[in-house]
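Coordinates from final.cif are shown below (mmCIF, C-alpha atoms and all ligand atoms).
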```cif
data_upload
loop_
_atom_site.label_atom_id
_atom_site.label_comp_id
_atom_site.auth_asym_id
_atom_site.auth_seq_id
_atom_site.Cartn_x
_atom_site.Cartn_y
_atom_site.Cartn_z
CA MET A 1 16.94 -32.49 -2.60
CA ILE A 2 14.48 -30.50 -0.44
CA PRO A 3 12.98 -28.15 -3.05
CA VAL A 4 12.38 -24.43 -2.40
CA PHE A 5 8.77 -25.17 -3.16
CA GLU A 6 6.72 -28.25 -3.95
CA PRO A 7 3.17 -27.68 -5.22
CA ARG A 8 0.54 -29.92 -3.66
CA VAL A 9 -2.42 -30.89 -5.86
CA GLY A 10 -5.17 -32.52 -3.80
CA GLU A 11 -8.11 -34.76 -4.65
CA GLU A 12 -10.39 -31.69 -4.62
CA GLU A 13 -8.41 -29.97 -7.38
CA ILE A 14 -8.29 -33.16 -9.46
CA ALA A 15 -12.06 -33.70 -9.09
CA ALA A 16 -12.79 -30.06 -9.97
CA VAL A 17 -10.61 -30.15 -13.10
CA VAL A 18 -12.11 -33.46 -14.25
CA ALA A 19 -15.64 -32.15 -13.70
CA ALA A 20 -14.83 -28.99 -15.70
CA LEU A 21 -13.40 -31.09 -18.52
CA GLN A 22 -16.50 -33.28 -18.48
CA ARG A 23 -18.63 -30.13 -18.77
CA GLY A 24 -16.54 -29.16 -21.82
CA GLU A 25 -14.96 -26.13 -20.15
CA ILE A 26 -11.69 -26.52 -22.00
CA SER A 27 -11.27 -23.01 -23.38
CA GLY A 28 -11.40 -19.59 -21.79
CA SER A 29 -14.51 -18.45 -23.62
CA PHE A 30 -17.45 -20.17 -21.95
CA GLY A 31 -18.50 -22.26 -18.98
CA THR A 32 -19.30 -21.53 -15.36
CA ALA A 33 -15.97 -22.03 -13.57
CA LEU A 34 -14.29 -18.96 -15.03
CA GLY A 35 -16.92 -16.44 -13.90
CA ALA A 36 -17.27 -18.13 -10.53
CA PHE A 37 -13.50 -18.03 -9.93
CA GLU A 38 -13.34 -14.36 -10.94
CA GLN A 39 -16.20 -13.40 -8.66
CA GLU A 40 -15.06 -15.43 -5.67
CA PHE A 41 -11.43 -14.38 -5.88
CA ALA A 42 -12.34 -10.69 -6.32
CA ALA A 43 -14.70 -10.99 -3.31
CA TYR A 44 -11.89 -12.62 -1.30
CA CYS A 45 -9.73 -9.57 -2.05
CA GLY A 46 -12.58 -7.23 -1.18
CA VAL A 47 -12.84 -5.93 -4.75
CA LYS A 48 -15.75 -5.77 -7.22
CA HIS A 49 -14.32 -7.27 -10.43
CA GLY A 50 -11.89 -10.03 -11.30
CA VAL A 51 -10.57 -10.63 -14.83
CA ALA A 52 -8.80 -13.98 -15.08
CA VAL A 53 -5.83 -14.22 -17.45
CA SER A 54 -3.16 -16.71 -18.43
CA SER A 55 -0.40 -15.63 -15.97
CA GLY A 56 0.78 -12.96 -13.56
CA THR A 57 2.88 -11.59 -16.41
CA THR A 58 -0.14 -11.16 -18.70
CA ALA A 59 -2.14 -9.71 -15.78
CA LEU A 60 0.50 -6.96 -15.44
CA HIS A 61 0.67 -6.52 -19.21
CA ALA A 62 -3.12 -6.13 -19.47
CA ALA A 63 -3.27 -3.77 -16.48
CA VAL A 64 -0.62 -1.44 -17.91
CA ALA A 65 -2.37 -1.57 -21.31
CA ALA A 66 -5.69 -0.72 -19.63
CA ALA A 67 -4.10 2.26 -17.85
CA GLY A 68 -3.80 3.90 -21.28
CA LEU A 69 -0.30 5.37 -21.02
CA ALA A 70 1.40 7.16 -23.91
CA PRO A 71 4.71 5.89 -25.38
CA GLY A 72 7.61 7.04 -23.20
CA ASP A 73 5.48 7.55 -20.07
CA GLU A 74 7.24 6.39 -16.92
CA ILE A 75 6.15 3.81 -14.36
CA LEU A 76 7.78 3.77 -10.93
CA MET A 77 8.19 0.26 -9.58
CA SER A 78 10.03 -1.76 -6.97
CA ALA A 79 13.62 -2.32 -8.09
CA SER A 80 13.63 -5.73 -6.41
CA THR A 81 11.03 -7.69 -8.36
CA ASN A 82 10.49 -10.36 -10.98
CA ILE A 83 11.36 -9.10 -14.47
CA ALA A 84 7.66 -9.49 -15.39
CA THR A 85 6.85 -6.23 -13.57
CA ALA A 86 9.26 -4.22 -15.72
CA LEU A 87 8.39 -6.06 -18.95
CA ALA A 88 4.74 -5.06 -18.52
CA ALA A 89 5.94 -1.46 -18.89
CA VAL A 90 8.41 -2.14 -21.71
CA HIS A 91 6.02 -4.17 -23.87
CA ASN A 92 3.46 -1.35 -23.59
CA GLY A 93 5.97 1.30 -24.72
CA ALA A 94 6.39 2.72 -21.21
CA VAL A 95 9.64 3.17 -19.27
CA PRO A 96 10.22 1.38 -15.96
CA VAL A 97 11.80 3.52 -13.22
CA PRO A 98 13.24 1.34 -10.43
CA VAL A 99 12.68 2.51 -6.85
CA ASP A 100 15.25 1.22 -4.37
CA SER A 101 14.24 -1.09 -1.50
CA GLU A 102 14.05 -0.35 2.19
CA ARG A 103 16.07 -2.42 4.61
CA SER A 104 13.45 -3.93 6.90
CA THR A 105 10.74 -5.37 4.62
CA TRP A 106 12.75 -5.21 1.35
CA ASN A 107 9.77 -3.53 -0.31
CA LEU A 108 10.14 -0.30 -2.28
CA ASP A 109 11.26 2.66 -0.16
CA LEU A 110 8.36 5.10 -0.18
CA ASP A 111 10.61 7.92 1.04
CA LEU A 112 12.31 7.83 -2.39
CA VAL A 113 9.21 8.00 -4.56
CA GLU A 114 8.63 11.75 -4.72
CA GLY A 115 12.27 12.39 -5.66
CA LEU A 116 11.86 10.13 -8.70
CA ILE A 117 8.64 11.64 -10.03
CA GLY A 118 9.22 13.56 -13.25
CA PRO A 119 7.00 15.16 -15.91
CA ARG A 120 6.42 11.77 -17.62
CA THR A 121 5.61 9.76 -14.48
CA ARG A 122 2.10 8.33 -14.81
CA ALA A 123 1.90 5.17 -12.72
CA ILE A 124 3.44 3.19 -9.87
CA ILE A 125 3.64 -0.58 -9.38
CA PRO A 126 4.40 -1.47 -5.76
CA VAL A 127 5.35 -5.14 -5.36
CA HIS A 128 4.39 -6.91 -2.12
CA LEU A 129 7.68 -8.82 -2.02
CA PHE A 130 7.76 -12.33 -0.51
CA GLY A 131 4.22 -11.79 0.80
CA HIS A 132 4.89 -8.74 3.00
CA PRO A 133 2.54 -5.86 2.10
CA VAL A 134 3.72 -2.43 1.05
CA ASP A 135 2.17 0.36 3.14
CA MET A 136 -0.63 0.94 0.63
CA GLU A 137 -2.22 3.83 2.52
CA ARG A 138 0.97 5.81 1.96
CA VAL A 139 1.14 4.72 -1.68
CA MET A 140 -2.44 5.83 -2.33
CA ALA A 141 -1.84 9.21 -0.68
CA LEU A 142 1.29 9.75 -2.81
CA ALA A 143 -0.56 8.64 -5.93
CA GLU A 144 -3.45 10.98 -5.30
CA ARG A 145 -1.10 13.91 -4.80
CA HIS A 146 0.70 13.19 -8.09
CA ARG A 147 -2.25 11.69 -10.06
CA LEU A 148 -0.58 8.34 -10.57
CA VAL A 149 -2.32 5.12 -11.58
CA VAL A 150 -1.59 2.46 -8.94
CA ILE A 151 -1.20 -1.16 -10.06
CA GLU A 152 -0.41 -3.47 -7.15
CA ASP A 153 1.79 -6.46 -8.00
CA CYS A 154 0.25 -9.08 -5.72
CA ALA A 155 1.90 -12.08 -7.39
CA GLU A 156 3.40 -13.08 -4.01
CA SER A 157 0.83 -11.67 -1.58
CA HIS A 158 -2.57 -13.37 -1.88
CA GLY A 159 -4.38 -12.76 1.41
CA ALA A 160 -1.71 -10.50 2.99
CA THR A 161 -3.17 -7.49 4.77
CA CYS A 162 -2.17 -3.87 5.36
CA ARG A 163 -4.00 -2.47 8.42
CA GLY A 164 -6.57 -5.23 8.10
CA ARG A 165 -7.28 -4.75 4.38
CA ARG A 166 -6.17 -7.33 1.84
CA THR A 167 -3.52 -6.49 -0.74
CA GLY A 168 -5.21 -6.00 -4.08
CA SER A 169 -8.00 -3.87 -2.61
CA PHE A 170 -6.10 -0.56 -2.58
CA GLY A 171 -4.81 0.13 -6.10
CA HIS A 172 -6.78 1.10 -9.20
CA MET A 173 -5.88 -2.39 -10.39
CA ALA A 174 -4.04 -5.30 -8.79
CA CYS A 175 -2.38 -8.27 -10.46
CA PHE A 176 -2.14 -11.79 -9.09
CA SER A 177 -0.21 -14.83 -10.30
CA PHE A 178 -1.43 -18.40 -9.91
CA TYR A 179 1.85 -19.96 -11.07
CA ALA A 180 2.72 -23.35 -9.55
CA ASN A 181 4.70 -21.94 -6.61
CA LYS A 182 2.27 -19.18 -5.66
CA VAL A 183 0.04 -19.05 -2.53
CA ILE A 184 -2.76 -20.61 -4.58
CA THR A 185 -2.20 -22.03 -8.03
CA THR A 186 -3.86 -22.99 -11.30
CA GLY A 187 -0.53 -24.25 -12.70
CA GLU A 188 -0.17 -21.16 -14.87
CA GLY A 189 -2.66 -18.32 -14.46
CA GLY A 190 -3.33 -14.85 -13.18
CA MET A 191 -6.02 -12.27 -12.45
CA VAL A 192 -6.45 -8.51 -12.48
CA VAL A 193 -8.87 -7.22 -9.85
CA THR A 194 -10.38 -3.73 -9.85
CA ASN A 195 -13.26 -1.75 -8.38
CA ASP A 196 -13.53 0.35 -11.54
CA ASP A 197 -16.31 -0.78 -13.92
CA ALA A 198 -14.75 0.87 -16.99
CA LEU A 199 -11.32 -0.65 -16.32
CA ALA A 200 -12.90 -4.09 -15.84
CA ASP A 201 -14.67 -3.81 -19.21
CA ARG A 202 -11.46 -2.71 -20.89
CA LEU A 203 -9.47 -5.53 -19.28
CA ARG A 204 -12.04 -8.07 -20.51
CA LEU A 205 -11.71 -6.72 -24.05
CA LEU A 206 -7.92 -6.65 -23.91
CA ARG A 207 -7.82 -10.25 -22.65
CA ASN A 208 -9.94 -11.51 -25.52
CA LEU A 209 -8.45 -9.89 -28.67
CA GLY A 210 -10.83 -6.95 -28.31
CA PHE A 211 -13.76 -9.07 -29.53
CA THR A 212 -17.01 -7.05 -29.60
CA LYS A 213 -19.96 -6.91 -31.98
CA PRO A 214 -20.15 -7.44 -34.85
CA ARG A 215 -17.82 -10.39 -34.39
CA PHE A 216 -14.48 -10.10 -36.20
CA ARG A 217 -14.54 -6.29 -36.32
CA HIS A 218 -12.04 -5.03 -33.73
CA GLU A 219 -11.97 -1.51 -32.33
CA ILE A 220 -9.03 -2.11 -29.98
CA ALA A 221 -5.84 -4.12 -30.44
CA GLY A 222 -6.17 -6.77 -27.75
CA PHE A 223 -4.36 -9.94 -26.77
CA ASN A 224 -5.21 -13.58 -26.20
CA PHE A 225 -4.54 -13.72 -22.46
CA ARG A 226 -7.41 -16.12 -21.63
CA LEU A 227 -7.36 -18.60 -18.76
CA THR A 228 -9.04 -21.95 -19.46
CA GLY A 229 -12.20 -23.11 -17.68
CA TYR A 230 -10.52 -26.14 -16.14
CA GLN A 231 -7.74 -23.96 -14.73
CA ALA A 232 -10.41 -21.72 -13.19
CA ALA A 233 -12.03 -24.83 -11.68
CA MET A 234 -8.68 -25.69 -10.08
CA GLY A 235 -8.43 -22.11 -8.83
CA LEU A 236 -11.83 -22.39 -7.13
CA ALA A 237 -10.75 -25.59 -5.37
CA GLN A 238 -7.52 -23.87 -4.26
CA LEU A 239 -9.43 -20.81 -3.06
CA ARG A 240 -11.39 -23.03 -0.65
CA LYS A 241 -8.03 -23.85 0.99
CA ILE A 242 -6.39 -20.43 0.96
CA ASP A 243 -6.80 -19.65 4.66
CA THR A 244 -5.34 -23.03 5.64
CA ILE A 245 -2.44 -22.55 3.23
CA ILE A 246 -1.68 -19.06 4.58
CA GLU A 247 -1.86 -20.27 8.19
CA ALA A 248 0.58 -23.08 7.32
CA LYS A 249 2.95 -20.58 5.68
CA ARG A 250 2.81 -18.32 8.73
CA GLU A 251 3.43 -21.30 11.01
CA LEU A 252 6.41 -22.34 8.85
CA ALA A 253 7.81 -18.81 9.20
CA ARG A 254 7.33 -18.94 12.99
CA ARG A 255 9.21 -22.26 13.15
CA TYR A 256 12.08 -21.00 10.98
CA THR A 257 12.37 -17.78 12.98
CA ALA A 258 12.40 -19.67 16.28
CA ALA A 259 15.11 -21.99 14.96
CA LEU A 260 17.31 -19.26 13.44
CA ALA A 261 16.85 -16.26 15.75
CA ASP A 262 20.10 -16.88 17.64
CA VAL A 263 22.30 -17.42 14.55
CA PRO A 264 24.63 -14.39 14.27
CA GLY A 265 24.80 -12.66 10.90
CA LEU A 266 21.36 -13.47 9.53
CA GLN A 267 18.63 -10.94 8.82
CA LEU A 268 15.31 -12.75 9.19
CA PRO A 269 12.07 -11.54 7.57
CA ALA A 270 10.36 -8.69 9.41
CA GLU A 271 6.64 -8.15 9.87
CA GLN A 272 5.56 -4.55 10.43
CA PRO A 273 3.02 -4.00 13.23
CA TRP A 274 0.39 -2.86 10.67
CA ALA A 275 1.04 -5.81 8.36
CA ARG A 276 0.11 -9.45 8.11
CA SER A 277 2.59 -11.18 5.81
CA VAL A 278 1.77 -14.45 4.09
CA TYR A 279 5.50 -15.37 3.88
CA TRP A 280 5.20 -16.54 0.28
CA MET A 281 8.84 -17.63 0.69
CA TYR A 282 10.94 -17.59 3.86
CA ALA A 283 13.66 -15.16 2.79
CA ILE A 284 16.81 -14.25 4.72
CA ARG A 285 19.88 -12.07 4.25
CA VAL A 286 23.41 -13.29 4.98
CA LEU A 287 25.44 -10.53 6.68
CA PRO A 288 29.24 -10.36 7.17
CA ALA A 289 28.87 -11.51 10.81
CA PHE A 290 27.68 -14.90 9.51
CA GLY A 291 31.28 -15.58 8.48
CA ARG A 292 30.36 -17.10 5.10
CA THR A 293 29.07 -15.35 1.99
CA ARG A 294 25.55 -15.95 0.73
CA ASP A 295 26.94 -17.98 -2.19
CA ALA A 296 29.10 -20.11 0.11
CA LEU A 297 26.05 -20.77 2.29
CA ALA A 298 23.92 -21.68 -0.75
CA GLU A 299 26.63 -24.12 -1.88
CA ALA A 300 26.87 -25.71 1.58
CA LEU A 301 23.09 -26.09 1.71
CA ALA A 302 23.06 -27.64 -1.77
CA ARG A 303 25.68 -30.18 -0.64
CA ALA A 304 23.35 -31.04 2.25
CA GLY A 305 20.46 -31.57 -0.18
CA VAL A 306 18.75 -28.22 0.41
CA GLU A 307 17.68 -26.12 -2.55
CA THR A 308 17.70 -22.32 -2.16
CA ARG A 309 17.11 -19.39 -4.48
CA THR A 310 18.63 -15.90 -4.53
CA PHE A 311 16.63 -12.67 -4.30
CA PHE A 312 15.82 -10.94 -7.60
CA CYS A 313 18.43 -9.22 -9.76
CA PRO A 314 17.24 -5.61 -9.38
CA MET A 315 15.72 -3.79 -12.34
CA ASN A 316 18.50 -1.16 -12.36
CA GLN A 317 20.97 -3.95 -13.23
CA GLN A 318 18.89 -5.79 -15.86
CA PRO A 319 20.75 -5.97 -19.19
CA CYS A 320 17.45 -6.19 -21.09
CA LEU A 321 16.32 -2.82 -19.69
CA GLN A 322 19.49 -0.84 -20.39
CA SER A 323 18.58 -0.38 -24.06
CA VAL A 324 15.00 0.77 -23.38
CA PRO A 325 14.80 4.33 -24.76
CA GLY A 326 14.57 6.80 -21.88
CA PHE A 327 15.61 4.25 -19.22
CA ARG A 328 17.17 6.25 -16.39
CA SER A 329 18.34 4.18 -13.53
CA ALA A 330 18.90 5.94 -10.23
CA PRO A 331 21.32 3.99 -8.01
CA CYS A 332 19.60 1.28 -5.96
CA PRO A 333 22.24 0.32 -3.37
CA VAL A 334 19.84 -1.57 -1.10
CA ALA A 335 18.31 -3.63 -3.92
CA ASP A 336 21.85 -4.29 -5.22
CA ASP A 337 22.80 -5.54 -1.77
CA LEU A 338 19.70 -7.77 -1.53
CA TRP A 339 20.70 -9.37 -4.85
CA THR A 340 24.08 -10.46 -3.46
CA THR A 341 23.14 -11.23 0.15
CA GLY A 342 19.56 -12.57 0.03
CA LEU A 343 18.31 -16.09 -0.41
CA TYR A 344 15.17 -17.99 0.35
CA LEU A 345 14.83 -21.34 2.03
CA PRO A 346 12.51 -24.29 1.28
CA SER A 347 9.03 -22.86 1.92
CA SER A 348 6.43 -25.50 1.05
CA PRO A 349 3.62 -25.12 3.59
CA HIS A 350 3.78 -28.89 4.22
CA LEU A 351 7.56 -28.94 4.92
CA SER A 352 8.03 -31.63 7.57
CA ASP A 353 9.81 -31.16 10.91
CA ALA A 354 12.55 -33.50 9.69
CA GLN A 355 13.06 -31.47 6.49
CA MET A 356 13.20 -28.23 8.45
CA ALA A 357 15.73 -29.77 10.84
CA THR A 358 17.90 -30.69 7.82
CA VAL A 359 17.76 -27.10 6.55
CA VAL A 360 18.49 -25.54 9.96
CA ASP A 361 21.29 -27.98 10.83
CA ALA A 362 22.95 -27.46 7.45
CA LEU A 363 22.71 -23.70 7.86
CA ARG A 364 24.22 -23.76 11.35
CA GLY A 365 26.88 -26.23 10.17
CA ALA A 366 27.84 -23.95 7.26
CA ARG A 367 28.58 -21.15 9.72
CA ALA A 368 30.71 -23.34 11.92
CA SER A 369 32.70 -25.00 9.10
C1 LIG B 401 6.52 -10.17 -8.12
C2 LIG B 401 6.11 -10.99 -9.32
N1 LIG B 401 5.49 -10.39 -10.34
C3 LIG B 401 5.08 -11.07 -11.42
C4 LIG B 401 5.29 -12.42 -11.54
C5 LIG B 401 4.89 -13.13 -12.80
O1 LIG B 401 3.91 -14.10 -12.61
P1 LIG B 401 3.79 -15.36 -13.60
O2 LIG B 401 4.95 -16.25 -13.33
O3 LIG B 401 2.48 -15.99 -13.26
O4 LIG B 401 3.79 -14.82 -14.99
C6 LIG B 401 5.92 -13.10 -10.48
C7 LIG B 401 6.18 -14.54 -10.45
O5 LIG B 401 6.43 -15.37 -11.01
C8 LIG B 401 6.35 -12.37 -9.35
O6 LIG B 401 6.98 -12.98 -8.33
#
```
Mind converting the file's structure to structure tokens?
Amino acid sequence: MIPVFEPRVGEEEIAAVVAALQRGEISGSFGTALGAFEQEFAAYCGVKHGVAVSSGTTALHAAVAAAGLAPGDEILMSASTNIATALAAVHNGAVPVPVDSERSTWNLDLDLVEGLIGPRTRAIIPVHLFGHPVDMERVMALAERHRLVVIEDCAESHGATCRGRRTGSFGHMACFSFYANKVITTGEGGMVVTNDDALADRLRLLRNLGFTKPRFRHEIAGFNFRLTGYQAAMGLAQLRKIDTIIEAKRELARRYTAALADVPGLQLPAEQPWARSVYWMYAIRVLPAFGRTRDALAEALARAGVETRTFFCPMNQQPCLQSVPGFRSAPCPVADDLWTTGLYLPSSPHLSDAQMATVVDALRGARAS
């Protein structure tokens, strides 16, 4: 089976992890790798502070907690996203409000945002889906007008730029994932980046059970969201390779697009003129003109040894959100449509020409059959 993604751990990562272990950096409380990873990754994003945590999910959870919302406050967010984005709201007592997607980039439709703002709306979480940036200049202007806290969900967009500025550098906070299939990985891991000194301090407290002085007397109810030192060491080794990884992902997208551009009935990923996507995954939509449904195509690809994955089930359809008190789900017809027509193809940056030919031939064959 050609997997949708295959992580590649090099000699550099292995050496860095072993060296961190030999230095005794096994927890998330001391050592040099953690601070170095935070500083270097924040600098890569063009932001002052980085607070490393155990996953993208806990990064979002900590960021929403640091935003200091009251129970029942609402957070606008992309309808088409990983459930982690919405759970960060729910587990902090806030209410997620899904914003439908737009048809070209599949990111949240900024034309809909103002119509969804109500008296309890306090924050917005734009998700840079599949590595294509949201137009963050528009988001920040909207947020300023309505005094919203902006938390970017950059789990899929490390290094992507919006008018030359990296995602993660616009919002009051931005959350990254370093899960195994992400642009760079620490296996499991995440980071919140921010330019705000007070938010950075609060995030550090929240990550570490609210430990202050005297030890064991806790002013705030924190969490254990710590990343280990050896994971941070792996992150540093990965960060050295990030530009090469992104270039390989962009090249993979170019090759796919060249090979699929003439296939009727496929919507291929767009890149806005002001954007530089990192194509976290090469995602496509299967339209009626293809002659086969998305599910029939996925089955045909699976028979040919090609793994695929569907787009996200949108937040407006999530059973686990329906019972959240105050949950009001405006219709999200575009996100609903993405859920039934979208899928992503094998997207490892090191996918070989032969593997890509297998994917493309199987896809063309499925249309013809
Ligand atoms: C958009 C988005 N947000 C949040 C997450 C959660 O990250 P993690 O898996 O590291 O908890 C993911 C990915 O897994 C994601 O794709």
TODO: Find, counting all atoms listed in the file, the residue in A:Ala89, A:Ala52, A:Met140, A:Ala84 that gets nearest to Ala70 (chain A).
DONE: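 Among the listed residues, the smallest separation from Ala70 (chain A) belongs to A:Ala89.
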Open item on the list: Which residues are near ligand LIG 401 (chain B) - at most 6 Å, using only C-alpha atoms and all ligand atoms? Format: as a PyMOL selection string.
Closed with: chain A and resi 55-57+81-82+84-85+127+153+155-156+177-179+189-190
Generate the output file for the selected residues, C-alpha atoms, as a PDB file, keeping the file's coordinate frame.
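What follows is the written file result_28.pdb:
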```pdb
ATOM      1  CA  SER A  55      -0.400 -15.630 -15.970  1.00  0.00           C
ATOM      2  CA  GLY A  56       0.780 -12.960 -13.560  1.00  0.00           C
ATOM      3  CA  THR A  57       2.880 -11.590 -16.410  1.00  0.00           C
ATOM      4  CA  THR A  81      11.030  -7.690  -8.360  1.00  0.00           C
ATOM      5  CA  ASN A  82      10.490 -10.360 -10.980  1.00  0.00           C
ATOM      6  CA  ALA A  84       7.660  -9.490 -15.390  1.00  0.00           C
ATOM      7  CA  THR A  85       6.850  -6.230 -13.570  1.00  0.00           C
ATOM      8  CA  VAL A 127       5.350  -5.140  -5.360  1.00  0.00           C
ATOM      9  CA  ASP A 153       1.790  -6.460  -8.000  1.00  0.00           C
ATOM     10  CA  ALA A 155       1.900 -12.080  -7.390  1.00  0.00           C
ATOM     11  CA  GLU A 156       3.400 -13.080  -4.010  1.00  0.00           C
ATOM     12  CA  SER A 177      -0.210 -14.830 -10.300  1.00  0.00           C
ATOM     13  CA  PHE A 178      -1.430 -18.400  -9.910  1.00  0.00           C
ATOM     14  CA  TYR A 179       1.850 -19.960 -11.070  1.00  0.00           C
ATOM     15  CA  GLY A 189      -2.660 -18.320 -14.460  1.00  0.00           C
ATOM     16  CA  GLY A 190      -3.330 -14.850 -13.180  1.00  0.00           C
TER      17      GLY A 190
END
```
- [ ] Could you tell me how far CA of Ser329 (chain A) lies from CA of Ala88 (chain A), in Å and to one decimal?
- [x]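 Rounded to one decimal, the two atoms are 17.2 Å apart.
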TODO: Would you work out the distance separating CA of Lys48 (chain A) from CA of Ser157 (chain A), expressed in Å to one decimal?
DONE: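 It comes out at 18.5 Å.
Residues lying within 9 Å of region 294-306 of chain A, counting only C-alpha atoms and ignoring same-chain neighbours fewer than 6 positions away, are Met1, Ile2, Pro3, Val4, Arg285, Val286, Leu287, Thr340, Thr341, Gly342, Leu343, Leu345, Pro346, Gln355, Thr358, Val359, Ala362, Leu363, Gly365, Ala366 and Arg367 of chain A.
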TODO: Would you kindly return, as a ChimeraX atom specification, each protein, DNA or RNA residue with an atom no farther than 8 Å from any atom of Ala86 (chain A), considering all atoms listed in the file and excluding same-chain residues fewer than 4 positions away?
DONE: /A:77,82,90,96,315
Open item on the list: Under the rule that all atoms listed in the file are counted, which of A:Phe223, A:Tyr256, A:Tyr230, A:Tyr279 is the nearest residue to Ala160 (chain A)?
Closed with: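 Nearest candidate to Ala160 (chain A) out of A:Phe223, A:Tyr256, A:Tyr230, A:Tyr279: A:Tyr279.
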Task: Contact residues around Arg204 (chain A) with all atoms listed in the file at 12 Å, ignoring same-chain residues under 3 positions, as an MDAnalysis selection string - done: chainID A and resid 28:29 35 38 49:53 59 62:63 65:66 191:194 197:201 207:212 220 222:227
Identify, on the basis of all atoms listed in the file, every residue whose closest approach to Met234 (chain A) does not exceed 9 Å; exclude the query and any residue fewer than 6 positions from it along the same chain; express the result as a tab-separated table (two decimals) with C-alpha atoms, in the coordinates of the input.
```tsv
chain	number	residue	atom	x	y	z
A	12	GLU	CA	-10.39	-31.69	-4.62
A	13	GLU	CA	-8.41	-29.97	-7.38
A	14	ILE	CA	-8.29	-33.16	-9.46
A	15	ALA	CA	-12.06	-33.70	-9.09
A	16	ALA	CA	-12.79	-30.06	-9.97
A	17	VAL	CA	-10.61	-30.15	-13.10
A	20	ALA	CA	-14.83	-28.99	-15.70
A	33	ALA	CA	-15.97	-22.03	-13.57
A	185	THR	CA	-2.20	-22.03	-8.03
A	186	THR	CA	-3.86	-22.99	-11.30
A	187	GLY	CA	-0.53	-24.25	-12.70
```
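Here CA of Asp353 (chain A) is placed at a distance of 9.7 Å from CA of Leu252 (chain A).
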- [ ] Check the smallest atom-to-atom distance from each of A:Val360, A:Ala259, A:Ile151, A:Cys332 to Asp109 (chain A) using all atoms listed in the file, then report the winner.
- [x]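 Between A:Val360, A:Ala259, A:Ile151, A:Cys332, the residue approaching Asp109 (chain A) most closely is A:Cys332.
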- [ ] Would you be able to write out as a PyMOL selection string which residues have an atom within 9 Å of (3.6, -17.5, 4.8) in the file's coordinates, counting only C-alpha atoms?
- [x] chain A and resi 130-131+160+183+245-253+277-282+347+349
Open item on the list: Which residues are near Asp336 (chain A)? Cut-off 12 Å, all atoms listed in the file, ignore same chain within fewer than 2 positions. Put them as an NGL selection string.
Closed with: :A and (79-81 or 98-103 or 106 or 311-318 or 330-334 or 338-342)
Axis-aligned box for all listed atoms of region 77-95 of chain A, 3 Å per side, centre and edges in Å to one decimal, as lines of an AutoDock Vina configuration file:
```
center_x = 8.5
center_y = -3.6
center_z = -15.6
size_x = 16.2
size_y = 19.5
size_z = 24.3
```
Task: Exercise: residues within 8 Å of coordinate (14.1, -9.8, 10.2), counting only C-alpha atoms, as a count of residues only - done: 8
